[in-house]
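The structure appears right after this line, and notes come after that.
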Amino acid sequence: MAQDYDVVVAGGSIAGLAFAAEAARRGARVLVAEEHDEIGEPEKCDGLVSLRGLRRYGYPPEQSVIQNEIGTALIHSPSGRQVAVDATALDVVVLDRSAYDKQVAKAASSNGAEIMTGTRVTNSVEKGTEVEVKMGGAEVRSRYFVDATGPSSSLRRGILPAAKYEIEGDWIRQHVVEVFMDAERYPGFFAWVIPYGKHLAKVGAAGRGVNPFKALDGFLAGRHHKILRKVSAPIYVGGPAQRFVIGRRILVGESAGQVKPTTAGGIMTSIAGAVIAAKWTCVSLGEGKPGLLANYQPEWEAAFLKETKSMMRLRGVLEKLSNADMEALLTALATPKLVQKLSHSDFDFHASAVLGALGLPGLLRVAKVVASAEVRSLLVDG
Ligand SMILES: Cc1cc2nc3c(=O)[nH]c(=O)nc-3n(C[C@H](O)[C@H](O)[C@H](O)COP(=O)(O)OP(=O)(O)OC[C@H]3O[C@@H](n4cnc5c(N)ncnc54)[C@H](O)[C@@H]3O)c2cc1C
């Protein structure tokens, strides 16, 4: 039997759920269809976020969802040189992502949104002023359709294979996030250690054209550990989609490419996209003017496009560096002044923070070390 909703959302992860919570709060009739049987499962994300960012968009985690607080970020060069950034002022925490999704799902339900788990959306067709959505053998009609299905949907470019394990190991430092750079082992990305408890960490590796499990096993060789869980999930680093709205179809979260191209972190930027999209969807519904949806993309871009472009340029530089370049860069750049500036920056705007802290003299030092077109573009635009 056909049912009527203002919005049907495909995908019940953080973007779809934040959209539903926000749109339902504003009075829209919302249905979320999630293909998995349980919200938040299977969990793939590491949950490293800045509380500042989540507060900014109205969805701070409950205390019980926070697994750990981060005090230091430690960057390792290929030869083992270390740069430590004091992160105590950055409000960075590790979330239990599954529990956080459940928290936002609860908010969406209490605001009146319907959530159907175990329901896969198989098709959506725009017909006049409606969208017909096929899901779980039924057909549902809605005024708008939200694609919150994550990286599997429209953006194929920019996807890197990644492997992640949850491990136990006595070498893990509880409040220290570690990043390991190595252009040969993790080309275009890095390996990471995100502690989420005493001697517990989410560790991962990703890179262009590598077998991430092999890379991660190589990283862990010689580091005593017990694997508690293994996850294979792609990460997205390709930048925002060209268009967030196509007719009555609205992209939010990772399906709109609302992810940081440097670290593939997308929780905050996806929630931001969802909250802004929900606002303009409800304004459009209220005024009966679908054209008002066009305000969503510029509002997200006003907040994030400059930063995302800087991140894309840093990524371009990173992808070109050899291990020798990386060593030279870390030596040239890891000045106490820069490290001090980074420790008082904004975690979600780290590209601007790095470029701002470098200034022109720092960028010229970079250009001396790495003579690439990407570095020249940093000099011109940064
Ligand atoms: C290994 C890994 C580690 C990460 N670590 C971090 C981190 O530490 N910090 C951070 O900020 N970000 C991190 N991210 C990124 C972050 O997880 C994503 O950016 C974020 O989850 C995007 O949310 P989303 O709702 O847009 O998409 P997703 O979380 O990908 O969710 C999409 C949802 O849609 C559902 N779905 C798909 N197709 C259909 C369909 N046809 N019908 C119904 N449902 C469907 C899926 O089951 C899923 O629930 C990580 C990602 C990975 C892979």
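As shown in the structure tokens, the chain order sets the letters A, B, ...; within each chain, residues go from 1, and ligands are also counted from 1 in the order they appear.
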(message) List as a ChimeraX atom specification the protein and nucleic acid residues near Ile70 (chain A), meaning an atom at most 6 Å away when only C-alpha atoms are counted, but skip any in the same chain fewer than 3 places from it.
(response) /A:92-93,175-176
(request) Mind checking which residues fall within 12 Å of Leu31 (chain A), counting only C-alpha atoms, ignoring those fewer than 4 positions away in the same chain, and posting them as a count of residues only? (result) 38
(request) Would you mind reading off the distance between CA of Ala99 (chain A) and CA of Asp170 (chain A), one decimal, in Å? (result)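 A separation of 25.8 Å between them.
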(request) Would you mind listing what lies within 7 Å of Ala73 (chain A) as a list in words, with only C-alpha atoms counted and same-chain residues fewer than 6 positions away left out? (result)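 My list of contacting residues is Ala84, Val85, Asp86, Ala87, Val176, Val177 and Glu178 of chain A.
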(message) Can you tell me, as a PyMOL selection string, which residues in region 22-245 of chain A count as alpha helix (DSSP H) by DSSP?
(response) chain A and resi 22-25+51-56+97-110+212-220
(message) Please identify the strand (DSSP E or B) residues within region 232-318 of chain A (assignment by DSSP from backbone atoms) and present them as a list of chain:residue names.
(response)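 Secondary structure check on region 232-318 of chain A, strand (DSSP E or B): A:Ser232, A:Ile235, A:Tyr236, A:Val245, A:Ile246, A:Arg249, A:Ile250, A:Leu251.
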(request) For each of A:Gly291, A:Gly80, A:Pro336, A:Pro261, take the minimum atom-to-atom distance to ligand 1, counting only C-alpha atoms and all ligand atoms, then give the residue where this is smallest. (result)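 Selected residue with least distance to ligand 1: A:Pro261.
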(message) Measuring between only C-alpha atoms, which one of A:Val179, A:Ile167, A:Val210, A:Leu355 shows the shortest distance to Ile227 (chain A)?
(response)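 When distances to Ile227 (chain A) are compared using only C-alpha atoms, the smallest one comes from A:Ile167.
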(request) Go through A:Leu285, A:Ile14, A:Leu305, A:Ala328 and flag the residue nearest ligand 1, using only C-alpha atoms and all ligand atoms for the distances. (result)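 Under the stated criterion, the closest residue is A:Ile14.
All residues of protein, DNA or RNA that reach within 12 Å of Leu220 (chain A), judged by only C-alpha atoms and not counting those fewer than 3 positions away in the chain, are Lys164, Tyr165, Glu166, Ile167, Glu168, Gly169, Trp171, Ile172, Phe180, Ala191, Trp192, Val193, Val203, Gly204, Ala205, Phe213, Lys214, Ala215, Leu216, Asp217, Arg223, His224, His225, Lys226 and Ile227 of chain A.
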(message) Please determine, counting only C-alpha atoms and all ligand atoms, which residue among A:Arg81, A:Lys230, A:Arg157, A:Arg208 has the shortest atom-to-atom distance to ligand 1.
(response)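 The closest residue to ligand 1 is A:Lys230.
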